[in-house]
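Notes for the one structure printed next.
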Amino acid sequence: MLNRLGLIARGLAAALLVLAFARVAMGEERRLPVPAVTIRSGELIKEQMIAERAFAANLLGVALFVEGRSALLGRMARRTLLPGQPIPTNAVEDPWTVARGAVVKIIVEDNGLSIVAYGSALQSGAAGALIPVRNADTGVIVKGVVQPDGAIKVVDG
């Protein structure tokens with residue numbers, strides 16, 4: 001009789017332990033935004049393109065993934081994003097203000113003097129990005145900061 005009670009107590013303890021682990025596993029679940037459709041490189045991300053999916057925390061590994069919808073909306077995909085897959089933080093960027101190869105206004109300012117020239121952007125960039133630009137008249141390559149209006153303001157150095 002005592003043996004039987006011991007077996008029942010052990011069985012009950014094991015069942016409670018399994019339930020406790022199941023609750024912990026469920027509690028460690030993370031909901032992340034994922035593409036609802038294939039998002040191609042260069043596409044702007046819109047609300048209807050994003051869904052949410054639950055992932056077990058231990059399956060995500062050490063990679064950094066975008067954790068909220070707001071961090072995606074209005075941004076641009078740097079590479080193809082597949083439906084249902086978590087989105088790494090480095091897979092999205094701010095939309096480009098200037099595209100590579102575009103004709104841009106180059107502005108050089110020094111001691112109140114302002115010189116304007118035109119050139120070709122050698123790299124795409126969002127406002128605030130430092131990009132190289134080739135002057136159309138001289139062929140000289142300068143580096144400048146992309147302005148919100150798409151002009152390039154040359155920096156010293």
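Ordering of the structure tokens sets the chain letters (A, B, ...), residue numbers begin anew at 1 in every chain, and ligands are numbered from 1 in the order given.
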Enumerate, in order of chain and increasing residue number, the residues of range 72-99 of chain A with an atom no farther than 7 Å from range 37-42 of chain A, each with its shortest atom pair and distance in Å to one decimal, counting only C-alpha atoms, as CSV.
residue,atom,partner,partner_atom,distance
A:Met76,CA,A:Gly42,CA,5.7
A:Ala77,CA,A:Ser41,CA,5.0
A:Arg78,CA,A:Ser41,CA,5.1
A:Arg79,CA,A:Ser41,CA,4.2
A:Thr80,CA,A:Arg40,CA,4.4
A:Leu81,CA,A:Ile39,CA,5.0
A:Leu82,CA,A:Thr38,CA,4.9
A:Pro83,CA,A:Val37,CA,5.0
Tell me which protein, DNA and RNA residues are within 9 Å of range 101-104 of chain A, counting only C-alpha atoms, leaving out same-chain ones fewer than 3 positions away, and put them as a PDB file with C-alpha atoms, in the first residue's frame.
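Written out: part.pdb:
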ATOM      1  CA  VAL A  98      19.288  59.623 -53.697  1.00  0.00           C
ATOM      2  CA  ALA A 117      27.730  72.103 -59.138  1.00  0.00           C
ATOM      3  CA  TYR A 118      26.112  68.960 -60.482  1.00  0.00           C
ATOM      4  CA  GLY A 119      27.349  65.410 -60.405  1.00  0.00           C
ATOM      5  CA  SER A 120      26.482  61.748 -60.322  1.00  0.00           C
ATOM      6  CA  ALA A 121      25.821  59.832 -57.090  1.00  0.00           C
ATOM      7  CA  LEU A 122      28.145  56.819 -56.853  1.00  0.00           C
ATOM      8  CA  GLN A 123      26.070  55.225 -54.090  1.00  0.00           C
ATOM      9  CA  SER A 124      22.440  55.282 -52.940  1.00  0.00           C
ATOM     10  CA  VAL A 133      29.658  61.872 -55.753  1.00  0.00           C
ATOM     11  CA  ALA A 136      30.140  66.151 -63.785  1.00  0.00           C
ATOM     12  CA  GLY A 150      18.315  65.214 -52.403  1.00  0.00           C
ATOM     13  CA  ALA A 151      21.201  67.678 -52.690  1.00  0.00           C
ATOM     14  CA  ILE A 152      24.667  66.636 -51.515  1.00  0.00           C
TER      15      ILE A 152
END
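Take CA of Ile106 in chain A and CA of Arg134 in chain A: the distance between them is 9.3 Å.
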Next on the checklist: Can you tell me, as a ChimeraX atom specification, which residues in range 5-156 of chain A count as strand (DSSP E or B) by DSSP?
Outcome noted: /A:29-35,39,44,50-56,65,76-77,81,88,92-93,98,103-110,113-121,125,130-135,141-146,152-154
Next on the checklist: Please compute the CA of Asp156 in chain A-CA of Ile141 in chain A distance, one decimal, in Å.
Outcome noted: 13.0 Å
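Every protein, DNA or RNA residue with an atom at most 7 Å from range 67-70 of chain A, where only C-alpha atoms count and chain neighbours fewer than 3 positions away do not, is listed here: Leu32, Pro33 and Leu73 of chain A.
For the residues A:Asp149, A:Glu109, A:Glu93, A:Asp137, ranking by smallest atom-to-atom distance to Glu43 in chain A using only C-alpha atoms places A:Glu93 first.
Counting from CA of Gly74 in chain A, the distance to CA of Leu44 in chain A is 5.9 Å.
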Checklist entry - Closest to Trp96 in chain A among A:Ala129, A:Val145, A:Ala57, A:Leu72, using only C-alpha atoms? => result A:Ala129
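For the set A:Pro148, A:Pro86, A:Gly139, A:Gly128, the residue with the smallest atom-to-atom gap to Ala36 in chain A is A:Pro86, counting only C-alpha atoms.
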